[in-house]
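Peer 1: First the structure, which I've put down as structure tokens, then a few questions once you've had a look.
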Amino acid sequence: MNAPSRPLVIETRRVSRIALSAALLLAPACGGGAGSPTAAGAPVVDNVQPVHVDLGPAGDYVNGIFTSVTICVPGTSSCQTIDDVLVDSGSVGLRLLASVVTLPLAPNSDTGGHVIANCVSFADNTYEWGPMANASVKMAGEQAASVPIQLIGAPGLPEAPSDCSGGGTAADTVSSLGATGVLGIGVFRQDCGEACARPLRPPKIYYACGASDCEVTSVPVANQLQNPVWLFTQDNNGFLLSLPAVPETGARSVAGSLVFGIGTESNNALGSAVVYTTDDVGNISTTFNGTTVNGYLDSGTNTLSFLDASSIPLPACVDPDSDFSCPPSTAGFTAVNQGSNGVSGPVAFDVANAETLFDTNNAAFNDLGGPDTGDFAWGLPFFFGRKTFVGIEGQGSPGGPGPYWAY
Amino acid sequence: MKAVIAAVSMMLLGTTPTWAALGKPVSSVAEDQKRLGGEVRTLSTTSGFAVHEISAADGTVVREYVSPAGEVFAVSWRGATRPNLVDLLGDHYPAFRDAPRPAGHRHGPLVLRTDHLVVEMGGHMRDFHGRAYLPDRLPASVSAEAVR
């Protein structure tokens with residue numbers, strides 16, 4: 001963020017060490033490639049991970065959805081559970097603030113001994129810079145044996161290269177991020193994929209760092225940031241995010257669940273949900289007010305941000321809240337989503353006056369809107385009162401292979 | 001874009017490797033191309049301005065919108081990462097950096113709209129995009145909708 005956020009009310013870092021039994025850590029290494037639903041006869045594990053929407057660990061987050069993630073040094077019983085990690089269906093990869101990680105995780109290096117670092121810059125112009133490291137990842141009863149993750153702001157690296165910082169703002173503390181990390185569990189297996197594995201001119205996402213500087217580098221797909229869900233031993237083809245409905249004036253806090261797997265256990269059937277497959281960068285198309293643009297479902301975006309043509313009475317709020325919409329009264333709309341598979345269907349939604357919503361001091365809103373930036377962002381308001389399925393690329397499921405969303 | 005872009009000539013330009021930026025003269029487009037390491041296409045338009053599209057080797061596409069007077073009045077970008085805004089916004093970067101932002105945390109599209117500078121950024125991993133323009137420097141009869 002560019003401006004200082006509100007002073008911390010209470011910074012809760014409910015970070016605790018827990019010791020897992022050796023038996024849990026002897027779970028078989030993740031298979032990965034099969035991509036099929038859990039085979040018949042596989043043991044049923046607890047696949048329900050609680051999530052909550054509230055003001056978050058910095059006490060000032062609107063429409064932030066958080067969960068707890070347990071990480072371990074691979075192959076050991078040395079583990080740590082980190083609370084208040086942001087659940088983000090719009091990115092891929094587990095990124096944790098180095099300042100909250102007490103486990104001794106060794107940074108990953110290339111064959112030349114350079115530390116591999118990752119840079120991500122989000123739409124809000126914050127960026128996260130830090131080394132890669134491997135950890136086992138556990139949520140509910142699910143476990144992935146060794147997952148490349150990012151340690152945001154870990155000491156010992158050169159500062160972020162200018163192409164990474166690039167005029168953005170570092171989100172490397174609880175107060176600047178508003179969370180202890182980001183659990184990126186979007187529709188892809190990796191944050192970048194083949195583009196970052198090519199030897200010539202990969203995107204400026206991975207860097208090889210010496211003692212004093214860092215250069216853009218390519219990284220094999222298997223060593224990139226991974227969606228932990230697809231590396232789970234089972235229930236690894238996706239998940240559903242279930243959040244209850246909230247009143248139009250919002251709620252102070254909301255409890256929901258991430259249920260891992262799609263059609264793999266009795267509690268994660270697609271049912272009547274309709275599958276919308278995405279394109280190769282994770283977009284569907286959304287038609288609103290006669291215009292069709294790219295659309296995406298993103299639990300890590302806190303608004304419904306969409307076309308605000310002059311024919312639509314949705315003025316932006318006055319500075320400094322111009323990221324939000326301030327209609328004089330709550331307005332109802334319908335947009336039509338269409339997947340790459342040609343399936344389409346309408347979605348009805350409301351947009352209320354953001355300043356009125358903020359005055360409630362609530363944290364969870366299904367009607368928080370924002371102005372257009374060229375596409376249609378179905379942020380967290382979309383997810384209330386729904387079960388939303390995220391199908392991971394290349395993973396088979398009763399809804400076909402991902403990448404897709406279904407609701 | 002509204003289909004105002006007619007056709008096109010491929011120009012390979014190259015000079016000193018500094019960055020052209022919002023508010024700078026058209027000659028600076030070549031410098032951006034050099035920096036991005038890509039190719040420039042100059043898209044002529046029927047709307048009283050020219051668009052120089054720089055396709056960087058890493059897949060990022062930057063467009064620079066040039067007025068009949070030869071001034072870059074808008075820039076836009078799309079790609080797996082966002083370009084260096086210090087360079088791309090040039091002399092207008094401090095106004096962007098110092099603009100008041102909402103209290104509290106939000107993650108999502110960024111919209112800054114002032115009388116002299118508009119910056120909008122959006123998208124998600126693998127597909128980030130944005131645009132910036134100078135509202136009081138738009139050529140006559142050109143609307144902001146043309147900047148995409």
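Residues in the structure tokens are numbered from 1 in each chain, the chains being A, B, ... in the order shown, and ligands are numbered from 1 in the order shown.
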Using only C-alpha atoms, find the residues of chain B whose closest atom to chain A is at most 9 Å away, then write them as an MDAnalysis selection string.
Peer 2: chainID B and resid 57:60 79:87 93 96:114 120:131 148
Peer 1: Keeping only N, CA and C atoms, write the selected residues to a file as a compact mmCIF listing (two decimals), in the first residue's frame.
Peer 2:
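So out_10.txt came out as:
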```txt
# COMPACT_ATOMS: atom_id res chain seq x y z
N ALA B 57 10.49 -8.85 -24.93
CA ALA B 57 10.86 -10.25 -25.15
C ALA B 57 10.27 -11.17 -24.08
N ASP B 58 9.99 -10.64 -22.89
CA ASP B 58 9.43 -11.50 -21.85
C ASP B 58 7.91 -11.61 -21.93
N GLY B 59 7.32 -11.03 -22.96
CA GLY B 59 5.89 -11.18 -23.17
C GLY B 59 5.06 -9.99 -22.75
N THR B 60 5.66 -9.05 -22.01
CA THR B 60 4.92 -7.87 -21.61
C THR B 60 4.71 -6.96 -22.81
N GLY B 79 0.69 -8.05 -19.10
CA GLY B 79 1.67 -9.12 -19.10
C GLY B 79 1.69 -9.88 -17.79
N ALA B 80 2.68 -10.77 -17.66
CA ALA B 80 2.80 -11.58 -16.45
C ALA B 80 3.30 -10.77 -15.27
N THR B 81 3.91 -9.64 -15.54
CA THR B 81 4.37 -8.75 -14.48
C THR B 81 4.01 -7.32 -14.88
N ARG B 82 4.03 -6.43 -13.92
CA ARG B 82 3.81 -5.03 -14.28
C ARG B 82 5.17 -4.38 -14.53
N PRO B 83 5.20 -3.44 -15.49
CA PRO B 83 6.47 -2.80 -15.80
C PRO B 83 6.91 -1.88 -14.66
N ASN B 84 8.13 -1.40 -14.77
CA ASN B 84 8.68 -0.51 -13.76
C ASN B 84 7.97 0.85 -13.85
N LEU B 85 7.15 1.13 -12.85
CA LEU B 85 6.33 2.34 -12.92
C LEU B 85 7.13 3.61 -12.66
N VAL B 86 8.24 3.48 -11.98
CA VAL B 86 9.09 4.66 -11.78
C VAL B 86 9.52 5.18 -13.14
N ASP B 87 9.91 4.24 -14.01
CA ASP B 87 10.35 4.63 -15.34
C ASP B 87 9.18 5.02 -16.22
N TYR B 93 5.57 10.01 -11.62
CA TYR B 93 5.61 8.96 -10.61
C TYR B 93 5.45 9.50 -9.19
N PHE B 96 1.92 9.88 -8.24
CA PHE B 96 1.29 8.58 -8.01
C PHE B 96 1.69 8.03 -6.64
N ARG B 97 2.98 8.07 -6.38
CA ARG B 97 3.50 7.51 -5.12
C ARG B 97 2.91 8.22 -3.91
N ASP B 98 2.74 9.53 -4.00
CA ASP B 98 2.36 10.31 -2.84
C ASP B 98 0.85 10.52 -2.71
N ALA B 99 0.09 10.00 -3.67
CA ALA B 99 -1.36 10.21 -3.61
C ALA B 99 -1.95 9.51 -2.39
N PRO B 100 -2.96 10.11 -1.77
CA PRO B 100 -3.58 9.47 -0.61
C PRO B 100 -4.22 8.15 -1.00
N ARG B 101 -4.08 7.16 -0.16
CA ARG B 101 -4.64 5.84 -0.42
C ARG B 101 -5.62 5.49 0.69
N PRO B 102 -6.52 4.54 0.41
CA PRO B 102 -7.50 4.17 1.43
C PRO B 102 -6.82 3.70 2.71
N ALA B 103 -7.42 4.04 3.83
CA ALA B 103 -6.96 3.48 5.09
C ALA B 103 -7.31 2.00 5.10
N GLY B 104 -6.56 1.26 5.83
CA GLY B 104 -6.86 -0.17 5.95
C GLY B 104 -6.37 -0.96 4.78
N HIS B 105 -6.52 -2.25 4.86
CA HIS B 105 -5.95 -3.12 3.85
C HIS B 105 -6.95 -3.50 2.79
N ARG B 106 -6.48 -3.49 1.59
CA ARG B 106 -7.28 -3.98 0.50
C ARG B 106 -6.32 -4.60 -0.50
N HIS B 107 -6.77 -5.66 -1.10
CA HIS B 107 -5.99 -6.24 -2.19
C HIS B 107 -6.94 -6.37 -3.35
N GLY B 108 -6.58 -5.75 -4.44
CA GLY B 108 -7.45 -5.76 -5.59
C GLY B 108 -7.05 -4.63 -6.50
N PRO B 109 -7.86 -4.36 -7.49
CA PRO B 109 -7.52 -3.32 -8.45
C PRO B 109 -7.25 -1.97 -7.77
N LEU B 110 -6.32 -1.24 -8.34
CA LEU B 110 -5.95 0.08 -7.81
C LEU B 110 -6.48 1.14 -8.77
N VAL B 111 -7.16 2.12 -8.24
CA VAL B 111 -7.71 3.20 -9.06
C VAL B 111 -7.33 4.53 -8.43
N LEU B 112 -6.57 5.32 -9.14
CA LEU B 112 -6.24 6.67 -8.69
C LEU B 112 -6.70 7.63 -9.77
N ARG B 113 -7.60 8.52 -9.43
CA ARG B 113 -8.11 9.47 -10.42
C ARG B 113 -8.03 10.87 -9.86
N THR B 114 -7.13 11.66 -10.43
CA THR B 114 -7.04 13.07 -10.04
C THR B 114 -7.23 13.90 -11.31
N GLU B 120 -4.74 3.28 -13.28
CA GLU B 120 -5.62 2.15 -12.98
C GLU B 120 -4.84 0.87 -13.22
N MET B 121 -4.85 -0.02 -12.23
CA MET B 121 -4.14 -1.29 -12.36
C MET B 121 -5.07 -2.40 -11.93
N GLY B 122 -5.01 -3.53 -12.63
CA GLY B 122 -5.88 -4.64 -12.27
C GLY B 122 -5.30 -5.96 -12.72
N GLY B 123 -6.12 -7.00 -12.63
CA GLY B 123 -5.70 -8.31 -13.07
C GLY B 123 -5.28 -9.20 -11.93
N HIS B 124 -4.65 -10.29 -12.29
CA HIS B 124 -4.29 -11.33 -11.33
C HIS B 124 -3.05 -12.03 -11.85
N MET B 125 -2.52 -12.94 -11.06
CA MET B 125 -1.30 -13.63 -11.45
C MET B 125 -1.42 -14.18 -12.86
N ARG B 126 -0.41 -13.99 -13.66
CA ARG B 126 -0.29 -14.36 -15.07
C ARG B 126 -0.95 -13.35 -16.01
N ASP B 127 -1.72 -12.42 -15.49
CA ASP B 127 -2.41 -11.47 -16.37
C ASP B 127 -2.64 -10.14 -15.65
N PHE B 128 -1.58 -9.38 -15.54
CA PHE B 128 -1.71 -8.06 -14.94
C PHE B 128 -1.80 -7.01 -16.04
N HIS B 129 -2.51 -5.95 -15.77
CA HIS B 129 -2.62 -4.89 -16.77
C HIS B 129 -2.89 -3.57 -16.08
N GLY B 130 -2.70 -2.51 -16.82
CA GLY B 130 -2.97 -1.20 -16.25
C GLY B 130 -2.83 -0.13 -17.30
N ARG B 131 -3.19 1.07 -16.91
CA ARG B 131 -3.03 2.21 -17.81
C ARG B 131 -2.85 3.46 -16.96
N ARG B 148 -6.30 1.69 -23.87
CA ARG B 148 -6.47 0.33 -23.35
C ARG B 148 -5.26 -0.51 -23.63
```
Peer 1: Taking 3 positions as the minimum chain separation for residues in the same chain, which residues sit within 8 Å of Ala255 in chain A when counting only C-alpha atoms? Answer as a ChimeraX atom specification.
Peer 2: /A:50-53,243-244
Peer 1: Which residue gives the smallest distance to His92 in chain B among B:Gly48, B:Leu43, B:Ile54, B:Leu117, with only C-alpha atoms counted?
Peer 2: B:Leu117
Peer 1: To one decimal place in Å, what is the distance between CA of Trp405 in chain A and CA of Asn268 in chain A?
Peer 2: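 About the pair CA of Trp405 in chain A and CA of Asn268 in chain A: they are 14.0 Å apart.
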Peer 1: Fewer than 6 positions away in the same chain doesn't count, so skip those; otherwise give me all residues within 8 Å of Gly93 in chain A, counting only C-alpha atoms, as a VMD selection string.
Peer 2: chain A and resid 149 to 150 182 to 185 190 to 191 225 to 228
Peer 1: Which distance in Å separates CA of Thr173 in chain A and CA of Pro104 in chain A, to one decimal?
Peer 2: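 If I compute the distance from CA of Thr173 in chain A to CA of Pro104 in chain A, I get 19.0 Å.
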Peer 1: When you count only C-alpha atoms, which of these residues is closest to Ser397 in chain A: A:Asn237, A:Asn361, A:Ser136, A:Thr81?
Peer 2: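 Looking only at the distances to Ser397 in chain A, the closest residue turns out to be A:Asn237.
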Peer 1: In Å, rounded to a single decimal, give me how far CA of His114 in chain A is from CA of Ala135 in chain A.
Peer 2: 19.2 Å
Peer 1: DSSP on the backbone, strand (DSSP E) only: what residues of range 312-384 of chain A does that give? Format it as a PyMOL selection string.
Peer 2: chain A and resi 331-338+344-351+369-370+376-378
Peer 1: Can you write just those residues out, C-alpha atoms, as a compact mmCIF listing (two decimals), in the first residue's frame?
Peer 2:
```txt
# COMPACT_ATOMS: atom_id res chain seq x y z
CA ALA A 331 -27.92 -0.85 -6.88
CA GLY A 332 -28.66 -4.30 -8.26
CA PHE A 333 -27.11 -5.69 -11.45
CA THR A 334 -26.71 -8.86 -13.46
CA ALA A 335 -23.68 -9.94 -15.46
CA VAL A 336 -23.21 -13.06 -17.57
CA ASN A 337 -20.15 -15.27 -17.19
CA GLN A 338 -19.00 -17.54 -19.99
CA SER A 344 -22.65 -19.33 -19.77
CA GLY A 345 -24.91 -18.17 -16.98
CA PRO A 346 -26.05 -14.99 -15.23
CA VAL A 347 -24.88 -13.75 -11.84
CA ALA A 348 -26.92 -11.21 -9.89
CA PHE A 349 -25.17 -8.91 -7.45
CA ASP A 350 -25.57 -5.67 -5.53
CA VAL A 351 -23.25 -2.74 -5.01
CA GLY A 369 -17.84 -2.59 -5.38
CA GLY A 370 -14.97 -0.85 -7.10
CA PHE A 376 -14.43 -7.85 -14.26
CA ALA A 377 -13.02 -8.90 -10.90
CA TRP A 378 -15.36 -11.18 -8.99
```
Peer 1: If you count only C-alpha atoms, which residues fall within 6 Å of range 61-67 of chain B, apart from same-chain ones fewer than 6 positions away, as a JSON list (two decimals) with N, CA, C and O atoms, in the first residue's frame?
Peer 2:
```json
[["chain", "number", "residue", "atom", "x", "y", "z"],
["B", 49, "PHE", "N", -4.36, 10.47, -32.83],
["B", 49, "PHE", "CA", -3.18, 10.15, -32.02],
["B", 49, "PHE", "C", -2.57, 8.87, -32.56],
["B", 49, "PHE", "O", -3.17, 8.16, -33.35],
["B", 50, "ALA", "N", -1.34, 8.60, -32.14],
["B", 50, "ALA", "CA", -0.64, 7.39, -32.58],
["B", 50, "ALA", "C", -0.36, 6.51, -31.38],
["B", 50, "ALA", "O", -0.21, 7.00, -30.26],
["B", 51, "VAL", "N", -0.34, 5.22, -31.63],
["B", 51, "VAL", "CA", -0.04, 4.27, -30.57],
["B", 51, "VAL", "C", 1.23, 3.52, -30.96],
["B", 51, "VAL", "O", 1.31, 2.95, -32.04],
["B", 52, "HIS", "N", 2.21, 3.55, -30.08],
["B", 52, "HIS", "CA", 3.43, 2.77, -30.28],
["B", 52, "HIS", "C", 3.35, 1.58, -29.34],
["B", 52, "HIS", "O", 3.31, 1.74, -28.12],
["B", 53, "GLU", "N", 3.31, 0.40, -29.91],
["B", 53, "GLU", "CA", 3.18, -0.81, -29.10],
["B", 53, "GLU", "C", 4.52, -1.52, -29.02],
["B", 53, "GLU", "O", 5.08, -1.91, -30.04],
["B", 54, "ILE", "N", 5.02, -1.67, -27.80],
["B", 54, "ILE", "CA", 6.31, -2.32, -27.58],
["B", 54, "ILE", "C", 6.05, -3.71, -27.02],
["B", 54, "ILE", "O", 5.47, -3.85, -25.94],
["B", 55, "SER", "N", 6.42, -4.73, -27.76],
["B", 55, "SER", "CA", 6.28, -6.11, -27.28],
["B", 55, "SER", "C", 7.61, -6.56, -26.74],
["B", 55, "SER", "O", 8.54, -6.83, -27.49],
["B", 73, "PHE", "N", 0.86, 11.02, -23.98],
["B", 73, "PHE", "CA", -0.18, 11.45, -23.03],
["B", 73, "PHE", "C", -0.79, 10.28, -22.27],
["B", 73, "PHE", "O", -1.57, 10.48, -21.33],
["B", 74, "ALA", "N", -0.42, 9.04, -22.66],
["B", 74, "ALA", "CA", -0.96, 7.88, -21.97],
["B", 74, "ALA", "C", -0.04, 6.69, -22.20],
["B", 74, "ALA", "O", 0.66, 6.61, -23.21],
["B", 75, "VAL", "N", -0.06, 5.76, -21.25],
["B", 75, "VAL", "CA", 0.65, 4.49, -21.40],
["B", 75, "VAL", "C", -0.27, 3.38, -20.90],
["B", 75, "VAL", "O", -1.15, 3.62, -20.06],
["B", 76, "SER", "N", -0.10, 2.19, -21.42],
["B", 76, "SER", "CA", -0.83, 1.04, -20.89],
["B", 76, "SER", "C", 0.08, -0.17, -20.96],
["B", 76, "SER", "O", 1.10, -0.16, -21.67],
["B", 77, "TRP", "N", -0.25, -1.19, -20.21],
["B", 77, "TRP", "CA", 0.60, -2.39, -20.21],
["B", 77, "TRP", "C", -0.25, -3.62, -19.92],
["B", 77, "TRP", "O", -1.34, -3.53, -19.36],
["B", 78, "ARG", "N", 0.28, -4.77, -20.32],
["B", 78, "ARG", "CA", -0.36, -6.06, -20.04],
["B", 78, "ARG", "C", 0.72, -7.13, -20.07],
["B", 78, "ARG", "O", 1.57, -7.13, -20.95],
["B", 139, "PRO", "N", -5.55, 14.65, -26.31],
["B", 139, "PRO", "CA", -5.82, 15.46, -27.50],
["B", 139, "PRO", "C", -7.33, 15.72, -27.64],
["B", 139, "PRO", "O", -8.15, 14.95, -27.14]]
```
Peer 1: Do a neighbour search on Val147 in chain A at 12 Å with only C-alpha atoms, toss out local chain neighbours closer than 4 positions, and write the hits as a ChimeraX atom specification.
Peer 2: /A:29-30,32,71-75,93-95,105,108,132-138,143,189-190,222-232
Peer 1: In terms of the shortest atom-to-atom distance over only C-alpha atoms, which of A:Ala145, A:Cys214, A:Ile65, A:Val219 is closest to Glu194 in chain A?
Peer 2: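 The shortest atom-to-atom distance to Glu194 in chain A comes from A:Val219.
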